[in-house]
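A.B. asks: Structure file run32.cif (mmCIF, C-alpha atoms) is given on the next line.
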data_start
loop_
_atom_site.label_atom_id
_atom_site.label_comp_id
_atom_site.auth_asym_id
_atom_site.auth_seq_id
_atom_site.Cartn_x
_atom_site.Cartn_y
_atom_site.Cartn_z
CA PRO A 17 27.55 9.36 0.43
CA LYS A 18 30.04 11.31 -1.61
CA PRO A 19 30.35 15.01 -2.47
CA ARG A 20 28.40 16.10 -5.52
CA ALA A 21 28.09 19.66 -6.85
CA LYS A 22 27.51 22.79 -4.80
CA ASN A 23 24.11 24.48 -4.83
CA LYS A 24 23.47 28.10 -5.78
CA ASP A 25 24.36 29.22 -2.24
CA GLY A 26 27.69 27.42 -2.33
CA VAL A 27 26.64 24.59 -0.02
CA GLN A 28 28.25 21.25 -0.76
CA MET A 29 25.64 18.66 -1.76
CA TRP A 30 26.11 14.96 -1.07
CA GLY A 31 24.56 11.78 -2.37
CA PRO A 32 23.02 9.30 -2.52
CA ALA A 33 20.40 9.88 0.17
CA GLY A 34 19.17 6.28 0.26
CA ALA A 35 15.57 5.16 -0.12
CA GLY A 36 12.55 5.45 2.15
CA ILE A 37 10.99 2.44 3.89
CA TRP A 38 7.27 3.08 4.33
CA ALA A 39 5.99 -0.26 5.63
CA ALA A 40 6.76 -2.83 8.29
CA PRO A 41 9.12 -5.67 7.37
CA THR A 42 7.76 -9.18 6.79
CA VAL A 43 9.19 -12.04 8.86
CA ASP A 44 9.64 -15.45 7.21
CA ALA A 45 10.44 -17.67 10.20
CA ARG A 46 10.72 -20.86 8.13
CA ARG A 47 13.46 -19.42 5.92
CA SER A 48 14.98 -17.21 8.66
CA MET A 49 14.51 -14.22 6.34
CA ILE A 50 13.16 -10.69 6.64
CA TYR A 51 11.68 -8.99 3.56
CA VAL A 52 11.66 -5.20 3.29
CA ALA A 53 9.99 -3.22 0.50
CA THR A 54 11.61 0.14 -0.28
CA GLY A 55 10.57 3.42 -1.84
CA ASN A 56 12.26 5.81 -4.22
CA GLY A 57 15.62 7.45 -3.65
CA TYR A 58 15.90 11.13 -2.75
CA ALA A 59 19.21 12.21 -4.25
CA ASP A 60 21.45 11.05 -7.09
CA PRO A 61 23.07 8.73 -7.92
CA PRO A 62 20.19 6.22 -8.25
CA GLN A 63 20.51 3.14 -6.03
CA LYS A 64 19.87 -0.54 -6.78
CA MET A 65 17.91 -1.10 -3.57
CA ALA A 66 15.33 1.65 -4.21
CA ASN A 67 11.82 0.60 -5.34
CA ALA A 68 12.72 -2.97 -4.54
CA VAL A 69 12.06 -5.94 -2.31
CA VAL A 70 15.17 -6.67 -0.24
CA ALA A 71 15.68 -10.00 1.54
CA LEU A 72 17.80 -9.97 4.70
CA ASP A 73 19.21 -12.84 6.71
CA MET A 74 17.27 -12.76 9.98
CA ASN A 75 20.32 -13.70 12.06
CA THR A 76 22.99 -11.48 10.52
CA GLY A 77 21.20 -8.74 8.57
CA ALA A 78 23.15 -9.66 5.44
CA VAL A 79 21.42 -8.88 2.14
CA LYS A 80 20.56 -12.18 0.45
CA TRP A 81 18.84 -10.85 -2.67
CA VAL A 82 17.27 -7.71 -4.17
CA ASN A 83 14.57 -7.38 -6.81
CA GLN A 84 14.24 -3.81 -8.10
CA THR A 85 11.17 -3.24 -10.28
CA THR A 86 11.58 0.48 -11.09
CA PRO A 87 15.19 1.69 -11.48
CA ASN A 88 16.42 5.30 -11.65
CA ASP A 89 13.61 6.69 -9.50
CA SER A 90 15.14 9.56 -7.51
CA TRP A 91 12.41 11.96 -6.45
CA THR A 92 12.22 15.06 -4.26
CA MET A 93 9.09 17.19 -3.81
CA GLY A 94 9.27 20.52 -5.61
CA CYS A 95 11.83 19.49 -8.24
CA GLN A 96 11.35 19.81 -11.98
CA ALA A 97 11.37 17.00 -14.54
CA LYS A 98 14.95 17.92 -15.48
CA ASN A 99 17.37 19.64 -13.06
CA PRO A 100 20.78 19.98 -14.78
CA ASP A 101 21.82 23.04 -12.74
CA ASN A 102 20.24 22.29 -9.36
CA PRO A 103 22.11 19.58 -7.43
CA ALA A 104 19.56 19.81 -4.62
CA CYS A 105 17.30 17.87 -7.00
CA PRO A 106 17.80 14.66 -8.98
CA GLU A 107 19.11 15.45 -12.44
CA THR A 108 16.17 13.52 -13.88
CA HIS A 109 13.11 13.48 -11.66
CA GLY A 110 11.70 9.98 -11.22
CA PRO A 111 8.01 8.99 -11.15
CA ASP A 112 7.89 8.44 -7.33
CA TYR A 113 6.70 4.85 -7.69
CA ASP A 114 7.37 3.60 -4.17
CA PHE A 115 6.71 0.25 -2.72
CA SER A 116 4.77 1.37 0.35
CA ALA A 117 3.42 -2.10 1.20
CA SER A 118 4.73 -4.91 3.37
CA PRO A 119 5.26 -8.00 1.19
CA ALA A 120 2.41 -10.44 1.95
CA LEU A 121 3.71 -13.99 2.40
CA ALA A 122 1.01 -16.13 0.78
CA THR A 123 0.80 -19.82 -0.16
CA ILE A 124 -0.89 -21.47 -3.15
CA ASN A 125 -0.66 -25.21 -3.93
CA GLY A 126 2.18 -25.57 -1.44
CA ARG A 127 4.22 -22.75 -3.01
CA ASP A 128 5.06 -19.56 -1.12
CA LEU A 129 4.85 -16.17 -2.83
CA LEU A 130 5.58 -12.59 -1.80
CA VAL A 131 2.67 -10.48 -3.06
CA LEU A 132 2.56 -6.68 -2.99
CA PRO A 133 1.27 -3.71 -5.01
CA GLN A 134 3.33 -0.72 -6.16
CA LYS A 135 2.37 2.92 -6.74
CA SER A 136 3.09 2.29 -10.43
CA GLY A 137 -0.32 0.56 -10.60
CA MET A 138 1.28 -2.88 -10.82
CA ALA A 139 1.01 -5.82 -8.44
CA PHE A 140 3.75 -8.44 -8.20
CA ALA A 141 4.23 -11.97 -6.93
CA MET A 142 7.86 -12.89 -6.22
CA ASP A 143 9.45 -16.25 -5.46
CA PRO A 144 11.25 -16.21 -2.08
CA ASP A 145 13.10 -19.42 -3.05
CA ASP A 146 14.49 -18.00 -6.31
CA GLU A 147 16.02 -14.67 -5.24
CA GLY A 148 12.72 -12.83 -5.62
CA ARG A 149 12.15 -13.75 -9.25
CA ILE A 150 8.85 -12.33 -10.50
CA VAL A 151 6.33 -15.17 -10.89
CA TRP A 152 3.60 -12.92 -12.23
CA GLN A 153 2.71 -9.26 -12.48
CA GLN A 154 -0.68 -7.66 -13.05
CA ARG A 155 -1.82 -4.11 -13.66
CA ILE A 156 -4.40 -3.10 -11.05
CA GLY A 157 -4.56 0.63 -11.79
CA GLN A 158 -3.14 3.51 -13.77
CA GLY A 159 -0.51 4.35 -11.17
CA SER A 160 0.08 7.60 -9.30
CA GLY A 161 3.08 9.25 -7.67
CA LEU A 162 0.79 10.55 -4.94
CA GLY A 163 -1.37 8.20 -2.92
CA GLY A 164 0.20 5.09 -1.44
CA GLN A 165 -0.50 1.44 -2.19
CA TRP A 166 -0.18 0.23 1.37
CA GLY A 167 -0.66 -3.53 1.17
CA ALA A 168 -2.37 -6.69 -0.07
CA SER A 169 -3.97 -9.50 1.92
CA ALA A 170 -4.74 -13.04 0.82
CA ASP A 171 -6.69 -16.21 1.48
CA GLU A 172 -6.10 -19.69 0.02
CA GLN A 173 -7.11 -18.60 -3.51
CA ASN A 174 -6.74 -14.87 -4.11
CA ALA A 175 -4.83 -11.74 -3.19
CA TYR A 176 -7.00 -8.66 -2.51
CA ILE A 177 -5.78 -5.15 -3.26
CA GLY A 178 -7.51 -1.79 -3.03
CA VAL A 179 -6.61 0.74 -5.73
CA SER A 180 -5.40 4.28 -5.04
CA ASP A 181 -4.98 6.07 -8.41
CA LEU A 182 -5.40 9.23 -6.37
CA PHE A 183 -5.42 11.79 -9.20
CA SER A 184 -6.87 9.70 -12.00
CA LYS A 185 -10.40 10.16 -13.31
CA THR A 186 -11.42 6.86 -11.71
CA PRO A 187 -9.68 6.47 -8.33
CA GLY A 188 -10.49 3.61 -5.97
CA GLY A 189 -11.88 0.16 -6.51
CA MET A 190 -11.03 -3.37 -5.40
CA ARG A 191 -9.17 -6.15 -7.21
CA ALA A 192 -8.99 -9.89 -6.52
CA LEU A 193 -6.03 -11.63 -8.18
CA ARG A 194 -5.67 -15.39 -8.44
CA LEU A 195 -2.60 -16.33 -6.41
CA GLY A 196 -1.41 -18.94 -8.86
CA THR A 197 -1.47 -16.83 -12.02
CA GLY A 198 -2.15 -13.18 -11.18
CA GLU A 199 -5.28 -13.21 -13.33
CA MET A 200 -8.24 -11.13 -12.20
CA ALA A 201 -10.73 -13.21 -10.24
CA TRP A 202 -12.99 -10.16 -10.02
CA THR A 203 -12.75 -6.38 -10.10
CA VAL A 204 -15.16 -3.73 -8.84
CA PRO A 205 -15.05 0.08 -9.17
CA ALA A 206 -15.12 2.47 -6.26
CA PRO A 207 -18.56 3.16 -4.79
CA THR A 208 -19.98 6.69 -4.66
CA PRO A 209 -17.87 8.62 -2.10
CA LEU A 210 -19.54 8.95 1.30
CA CYS A 211 -18.06 12.41 1.90
CA GLY A 212 -19.87 13.99 -1.06
CA THR A 213 -18.55 17.42 -1.96
CA ALA A 214 -16.61 17.98 1.27
CA ARG A 215 -13.13 19.46 0.92
CA GLY A 216 -10.54 16.75 0.35
CA CYS A 217 -13.14 14.10 -0.42
CA ARG A 218 -11.51 11.34 -2.46
CA ALA A 219 -12.52 7.83 -3.49
CA ALA A 220 -9.01 6.31 -3.44
CA GLN A 221 -8.66 2.95 -1.65
CA GLY A 222 -4.91 2.59 -1.38
CA GLY A 223 -4.98 1.52 2.27
CA ALA A 224 -3.87 -2.00 3.15
CA THR A 225 -6.65 -4.59 3.03
CA THR A 226 -7.47 -7.22 5.66
CA THR A 227 -8.92 -10.61 4.73
CA ILE A 228 -11.00 -12.82 7.01
CA PRO A 229 -13.01 -15.90 5.95
CA GLY A 230 -15.54 -14.75 3.36
CA ALA A 231 -14.76 -11.03 3.41
CA VAL A 232 -12.04 -8.49 2.71
CA LEU A 233 -12.00 -5.18 4.62
CA SER A 234 -10.95 -1.97 2.86
CA GLY A 235 -10.80 1.61 4.09
CA SER A 236 -11.16 4.55 1.73
CA LEU A 237 -10.15 8.19 1.73
CA ASP A 238 -13.89 8.94 1.55
CA GLY A 239 -14.08 7.93 5.23
CA GLY A 240 -15.76 4.58 4.58
CA LEU A 241 -14.86 1.16 5.92
CA ARG A 242 -16.29 -1.58 3.72
CA ALA A 243 -16.47 -5.37 3.70
CA TYR A 244 -16.38 -6.98 0.26
CA SER A 245 -17.42 -10.54 -0.47
CA THR A 246 -14.35 -12.59 -1.41
CA THR A 247 -16.59 -14.52 -3.84
CA ASP A 248 -17.59 -11.71 -6.19
CA GLY A 249 -16.55 -8.34 -4.71
CA SER A 250 -20.05 -7.28 -3.74
CA ILE A 251 -20.17 -4.86 -0.79
CA ILE A 252 -21.81 -6.59 2.18
CA TRP A 253 -21.25 -3.93 4.84
CA THR A 254 -20.35 -0.23 4.97
CA PHE A 255 -19.56 2.02 7.91
CA ASP A 256 -19.35 5.80 7.42
CA THR A 257 -16.84 7.47 9.76
CA ASN A 258 -17.60 11.02 8.60
CA ARG A 259 -19.00 12.30 11.89
CA GLU A 260 -18.16 13.04 15.51
CA PHE A 261 -17.84 10.16 17.98
CA PRO A 262 -18.13 10.01 21.76
CA THR A 263 -14.86 8.64 23.10
CA VAL A 264 -13.88 6.61 26.16
CA ASN A 265 -11.38 9.27 27.23
CA GLY A 266 -13.70 12.22 26.62
CA VAL A 267 -11.56 13.80 23.88
CA LYS A 268 -13.52 15.25 20.98
CA ALA A 269 -13.00 13.00 17.96
CA THR A 270 -14.09 12.88 14.34
CA GLY A 271 -13.63 10.40 11.54
CA GLY A 272 -12.09 11.11 8.16
CA GLY A 273 -10.10 9.54 5.37
CA ILE A 274 -8.77 6.00 5.91
CA GLU A 275 -5.44 5.00 4.41
CA GLY A 276 -2.12 3.45 5.44
CA ASN A 277 -2.38 0.42 7.70
CA GLY A 278 -5.31 -1.96 7.24
CA PRO A 279 -8.08 -2.77 9.72
CA ILE A 280 -6.90 -5.05 12.54
CA VAL A 281 -9.00 -8.12 13.38
CA ALA A 282 -8.30 -9.76 16.74
CA GLY A 283 -10.28 -11.44 19.50
CA GLY A 284 -13.60 -11.09 17.69
CA MET A 285 -13.10 -7.34 17.23
CA ILE A 286 -12.27 -5.01 14.34
CA PHE A 287 -10.08 -1.97 15.03
CA VAL A 288 -9.57 0.89 12.56
CA ASN A 289 -8.29 4.45 12.79
CA ALA A 290 -10.13 7.10 10.77
CA GLY A 291 -8.47 10.33 9.75
CA TYR A 292 -5.69 10.72 7.19
CA GLY A 293 -4.98 14.37 6.54
CA GLY A 294 -1.59 15.43 5.27
CA ILE A 295 -1.42 17.66 2.23
CA LEU A 296 -4.51 16.60 0.33
CA ASN A 297 -6.93 14.52 2.36
CA ARG A 298 -9.51 14.67 5.14
CA PRO A 299 -8.09 14.66 8.67
CA GLY A 300 -9.57 12.96 11.71
CA ASN A 301 -8.46 11.54 15.05
CA VAL A 302 -10.54 8.55 16.10
CA LEU A 303 -9.77 4.90 16.80
CA LEU A 304 -12.91 2.78 16.35
CA ALA A 305 -13.49 -0.68 17.82
CA PHE A 306 -16.28 -2.85 16.39
CA GLY A 307 -17.67 -5.90 18.17
CA ILE A 308 -19.45 -8.77 16.44
CA ASP A 309 -22.04 -10.51 18.63
CA SER A 310 -22.70 -13.41 16.29
CA ILE A 311 -22.11 -14.24 12.62
CA VAL A 312 -24.02 -17.10 11.08
CA SER A 313 -22.95 -16.18 7.56
CA VAL A 314 -21.26 -13.28 5.81
CA ASP A 315 -24.69 -11.92 4.87
CA SER A 316 -25.51 -11.43 8.55
CA TRP A 317 -22.96 -8.59 8.64
CA HIS A 318 -25.72 -6.24 7.51
CA GLY A 319 -27.13 -6.26 11.01
CA ALA A 320 -24.40 -7.69 13.17
CA LEU A 321 -22.08 -4.68 13.39
#
Will you turn the file into structure tokens for me?

C.D. replies:
Amino acid sequence: PKPRAKNKDGVQMWGPAGAGIWAAPTVDARRSMIYVATGNGYADPPQKMANAVVALDMNTGAVKWVNQTTPNDSWTMGCQAKNPDNPACPETHGPDYDFSASPALATINGRDLLVLPQKSGMAFAMDPDDEGRIVWQQRIGQGSGLGGQWGASADEQNAYIGVSDLFSKTPGGMRALRLGTGEMAWTVPAPTPLCGTARGCRAAQGGATTTIPGAVLSGSLDGGLRAYSTTDGSIIWTFDTNREFPTVNGVKATGGGIEGNGPIVAGGMIFVNAGYGGILNRPGNVLLAFGIDSIVSVDSWHGAL
């Protein structure tokens, strides 16, 4: 960082302030690489590693390549669109189009791709063997500075991404993109919000998805956890977390909005935390564990959970 101008109180301002990293890195053991997706910068001058996927050598930490999809995005809450006389803010306020997702390392026809959504409403597939060159890109939503796009998941055919679009007229929904081309395999709108007219009730589904054979799991800021058929996007199971739960440690707990990390599937169990408050959404404080006694087919989820 270097000195910039002084603010109205005479305090020396410095910059740049770097870029946020909102998601866990992705390890590529075969290539000995680590991929990190970055968010916007916070102070001028704009940086080339903001809103980018950065590849690091696993052994040395050296930067091997960078692919920046949205340049000149310096953003600080409370700043105006233009700030020529306020060095505490970027001179030109960016759109706040973070990457808040871990790059998903997926394989199609023997080719590896890094797949991830961005808050701009775009999803990207990058080539890890060609310095992150964009193989395809697809619009999945209108884009929103508020409301993260926290991650995609994939099977052998498609990548599955929930849509945030927090402040649009049609937030939420699920998209399936063909891994080879980025074309839409199917798309479904958000269901009617489970939280009704409650304060902070939102239909956005920006949380990371989790794919298991035959189904993709998606949490929503309406407090719902849903399983979608990977075949056509039909909803095959819904669980409403908008209530109080008895807990194993006796602490009073309630569900709420679900965003951020995706549901975790391990050892025949599904684990999900419900409650995502912050500035705009519905808080909660419960970790839920679901057991599956037996699954003959995906359709049996209606009564198995």

A.B. asks: Please report the interatomic distance between atom CA of Phe115 of chain A and atom CA of Arg218 of chain A in Å with one decimal.

C.D. replies: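 Between these atoms lies a distance of 21.3 Å.
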
A.B. asks: Which residues would end up in the selection if the PyMOL selection byres ((chain A and resi 217) around 8) were applied here, given that I need the answer as a list in words?

C.D. replies: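 What the PyMOL selection byres ((chain A and resi 217) around 8) grabs from the file is Pro209, Cys211, Gly212, Thr213, Ala214, Arg215, Gly216, Arg218, Ala219, Leu237, Asp238, Gly273, Asn297 and Arg298 of chain A.
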
A.B. asks: Step by step: start from the point (10.1, -13.8, -9.8) in the file's coordinates, keep every protein, DNA or RNA residue that has an atom no farther than 12 Å from it, count only C-alpha atoms, and write the set as a CSV table (one decimal) with C-alpha atoms, in the coordinates of the input.

C.D. replies:
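Output saved as part25.csv:
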chain,number,residue,atom,x,y,z
A,69,VAL,CA,12.1,-5.9,-2.3
A,81,TRP,CA,18.8,-10.8,-2.7
A,82,VAL,CA,17.3,-7.7,-4.2
A,83,ASN,CA,14.6,-7.4,-6.8
A,84,GLN,CA,14.2,-3.8,-8.1
A,85,THR,CA,11.2,-3.2,-10.3
A,128,ASP,CA,5.1,-19.6,-1.1
A,129,LEU,CA,4.8,-16.2,-2.8
A,130,LEU,CA,5.6,-12.6,-1.8
A,131,VAL,CA,2.7,-10.5,-3.1
A,140,PHE,CA,3.8,-8.4,-8.2
A,141,ALA,CA,4.2,-12.0,-6.9
A,142,MET,CA,7.9,-12.9,-6.2
A,143,ASP,CA,9.4,-16.2,-5.5
A,144,PRO,CA,11.2,-16.2,-2.1
A,145,ASP,CA,13.1,-19.4,-3.0
A,146,ASP,CA,14.5,-18.0,-6.3
A,147,GLU,CA,16.0,-14.7,-5.2
A,148,GLY,CA,12.7,-12.8,-5.6
A,149,ARG,CA,12.2,-13.8,-9.2
A,150,ILE,CA,8.8,-12.3,-10.5
A,151,VAL,CA,6.3,-15.2,-10.9
A,152,TRP,CA,3.6,-12.9,-12.2
A,153,GLN,CA,2.7,-9.3,-12.5

A.B. asks: Tell me which residues the PyMOL selection byres ((chain A and resi 134) around 10) grabs here, as a list of chain:residue names.

C.D. replies: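 Applied to this file, the PyMOL selection byres ((chain A and resi 134) around 10) returns A:Ala53, A:Gly55, A:Asn67, A:Ala68, A:Thr85, A:Thr86, A:Tyr113, A:Asp114, A:Phe115, A:Ser116, A:Ala117, A:Leu132, A:Pro133, A:Lys135, A:Ser136, A:Gly137, A:Met138, A:Ala139, A:Phe140, A:Arg155, A:Ile156, A:Gly157, A:Gly159, A:Ser160, A:Gly164, A:Gln165, A:Trp166, A:Gly167.
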
A.B. asks: Write the residues of the preceding selection, restricted to C-alpha atoms, as a CSV table (one decimal), in the coordinates of the input.

C.D. replies:
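So the final result, stored in again-v3.csv, reads:
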chain,number,residue,atom,x,y,z
A,53,ALA,CA,10.0,-3.2,0.5
A,55,GLY,CA,10.6,3.4,-1.8
A,67,ASN,CA,11.8,0.6,-5.3
A,68,ALA,CA,12.7,-3.0,-4.5
A,85,THR,CA,11.2,-3.2,-10.3
A,86,THR,CA,11.6,0.5,-11.1
A,113,TYR,CA,6.7,4.8,-7.7
A,114,ASP,CA,7.4,3.6,-4.2
A,115,PHE,CA,6.7,0.2,-2.7
A,116,SER,CA,4.8,1.4,0.4
A,117,ALA,CA,3.4,-2.1,1.2
A,132,LEU,CA,2.6,-6.7,-3.0
A,133,PRO,CA,1.3,-3.7,-5.0
A,135,LYS,CA,2.4,2.9,-6.7
A,136,SER,CA,3.1,2.3,-10.4
A,137,GLY,CA,-0.3,0.6,-10.6
A,138,MET,CA,1.3,-2.9,-10.8
A,139,ALA,CA,1.0,-5.8,-8.4
A,140,PHE,CA,3.8,-8.4,-8.2
A,155,ARG,CA,-1.8,-4.1,-13.7
A,156,ILE,CA,-4.4,-3.1,-11.0
A,157,GLY,CA,-4.6,0.6,-11.8
A,159,GLY,CA,-0.5,4.4,-11.2
A,160,SER,CA,0.1,7.6,-9.3
A,164,GLY,CA,0.2,5.1,-1.4
A,165,GLN,CA,-0.5,1.4,-2.2
A,166,TRP,CA,-0.2,0.2,1.4
A,167,GLY,CA,-0.7,-3.5,1.2

A.B. asks: One decimal, Å: what's the distance from atom CA of Ala66 of chain A over to atom CA of Ala97 of chain A, could you say?

C.D. replies: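 Taking atom CA of Ala66 of chain A and atom CA of Ala97 of chain A, their separation equals 18.9 Å.
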
A.B. asks: From the set A:Glu199, A:Ile280, A:Gly163, A:Met93, which residue has the shortest atom-to-atom contact distance to Leu233 of chain A, counting all atoms listed in the file?

C.D. replies: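 When distances to Leu233 of chain A are compared using all atoms listed in the file, the smallest one comes from A:Ile280.
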
A.B. asks: For Thr42 of chain A, list every protein, DNA or RNA residue within 7 Å, evaluated using all atoms listed in the file, and leave out those in the same chain fewer than 2 positions away; present the list as a PyMOL selection string.

C.D. replies: chain A and resi 40+44+50-52+118-119

A.B. asks: Could you check how far atom CA of Asp101 of chain A sits from atom CA of Lys22 of chain A, in Å to one decimal?

C.D. replies: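 Computing it gives 9.8 Å between the two atoms.
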
A.B. asks: With distances taken over all atoms listed in the file, which residue among A:Gly249, A:Pro299, A:Gly57, A:Gly230 lies nearest Gly271 of chain A?

C.D. replies: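 With all atoms listed in the file as the atom set, the closest residue is A:Pro299.
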
A.B. asks: Tell me which residues the PyMOL selection byres ((chain A and resi 291) around 10) grabs here, as a PDB file with C-alpha atoms, in the frame of the given file.

C.D. replies:
ATOM      1  CA  LEU A 237     -10.150   8.190   1.730  1.00  0.00           C
ATOM      2  CA  ASP A 238     -13.890   8.940   1.550  1.00  0.00           C
ATOM      3  CA  GLY A 239     -14.080   7.930   5.230  1.00  0.00           C
ATOM      4  CA  THR A 257     -16.840   7.470   9.760  1.00  0.00           C
ATOM      5  CA  ASN A 258     -17.600  11.020   8.600  1.00  0.00           C
ATOM      6  CA  ALA A 269     -13.000  13.000  17.960  1.00  0.00           C
ATOM      7  CA  THR A 270     -14.090  12.880  14.340  1.00  0.00           C
ATOM      8  CA  GLY A 271     -13.630  10.400  11.540  1.00  0.00           C
ATOM      9  CA  GLY A 272     -12.090  11.110   8.160  1.00  0.00           C
ATOM     10  CA  GLY A 273     -10.100   9.540   5.370  1.00  0.00           C
ATOM     11  CA  ILE A 274      -8.770   6.000   5.910  1.00  0.00           C
ATOM     12  CA  GLU A 275      -5.440   5.000   4.410  1.00  0.00           C
ATOM     13  CA  VAL A 288      -9.570   0.890  12.560  1.00  0.00           C
ATOM     14  CA  ASN A 289      -8.290   4.450  12.790  1.00  0.00           C
ATOM     15  CA  ALA A 290     -10.130   7.100  10.770  1.00  0.00           C
ATOM     16  CA  TYR A 292      -5.690  10.720   7.190  1.00  0.00           C
ATOM     17  CA  GLY A 293      -4.980  14.370   6.540  1.00  0.00           C
ATOM     18  CA  GLY A 294      -1.590  15.430   5.270  1.00  0.00           C
ATOM     19  CA  ASN A 297      -6.930  14.520   2.360  1.00  0.00           C
ATOM     20  CA  ARG A 298      -9.510  14.670   5.140  1.00  0.00           C
ATOM     21  CA  PRO A 299      -8.090  14.660   8.670  1.00  0.00           C
ATOM     22  CA  GLY A 300      -9.570  12.960  11.710  1.00  0.00           C
ATOM     23  CA  ASN A 301      -8.460  11.540  15.050  1.00  0.00           C
ATOM     24  CA  VAL A 302     -10.540   8.550  16.100  1.00  0.00           C
ATOM     25  CA  LEU A 303      -9.770   4.900  16.800  1.00  0.00           C
TER      26      LEU A 303
END

A.B. asks: Got a sec: who's within 7 Å of Met285 of chain A, counting all atoms listed in the file, leaving out chain neighbours fewer than 5 positions off, as a PyMOL selection string?

C.D. replies: chain A and resi 305-308

A.B. asks: For segment 259-263 of chain A, what centre and edge lengths in Å (one decimal) does the axis-aligned box get once 8 Å is added on each side of all its listed atoms, as AutoDock Vina command-line options?

C.D. replies:
--center_x -16.9 --center_y 10.8 --center_z 17.5 --size_x 20.1 --size_y 20.4 --size_z 27.2

A.B. asks: Could you please give me, as a tab-separated table (two decimals) with C-alpha atoms, in the coordinates of the input, the residues of protein, DNA or RNA lying at most 6 Å from (0.6, -17.9, -5.6) in the coordinate frame of the file, considering all atoms listed in the file?

C.D. replies:
chain	number	residue	atom	x	y	z
A	123	THR	CA	0.80	-19.82	-0.16
A	124	ILE	CA	-0.89	-21.47	-3.15
A	129	LEU	CA	4.85	-16.17	-2.83
A	195	LEU	CA	-2.60	-16.33	-6.41
A	196	GLY	CA	-1.41	-18.94	-8.86

A.B. asks: Have a look at A:Gly26, A:Gly278, A:Gly94, A:His109 and name the one nearest to Tyr176 of chain A; count all atoms listed in the file.

C.D. replies: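 Distance minimum relative to Tyr176 of chain A lands on A:Gly278.
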
A.B. asks: Determine the nearest neighbour of Gly189 of chain A from the options A:Ala21, A:Ala220, A:Ala71, A:Leu210, counting all atoms listed in the file.

C.D. replies: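 Of all the options, A:Ala220 lies closest to Gly189 of chain A.
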
A.B. asks: Considering all atoms listed in the file, state which residue in the set A:Gln158, A:Thr203, A:Ser169, A:Asn23 is at the smallest distance from Asn99 of chain A.

C.D. replies: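 For Asn99 of chain A, the nearest of the candidates is A:Asn23.
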
A.B. asks: Please list as a PyMOL selection string every residue within 8 Å of Ser48 of chain A, counting all atoms listed in the file and excluding residues in the same chain fewer than 5 positions away.

C.D. replies: chain A and resi 43+73-75

A.B. asks: Give the answer as one residue: which of A:Gly126, A:Pro279, A:Gly222, A:Gly31 has the shortest atom-to-atom distance to Leu182 of chain A, using only C-alpha atoms?

C.D. replies: A:Gly222
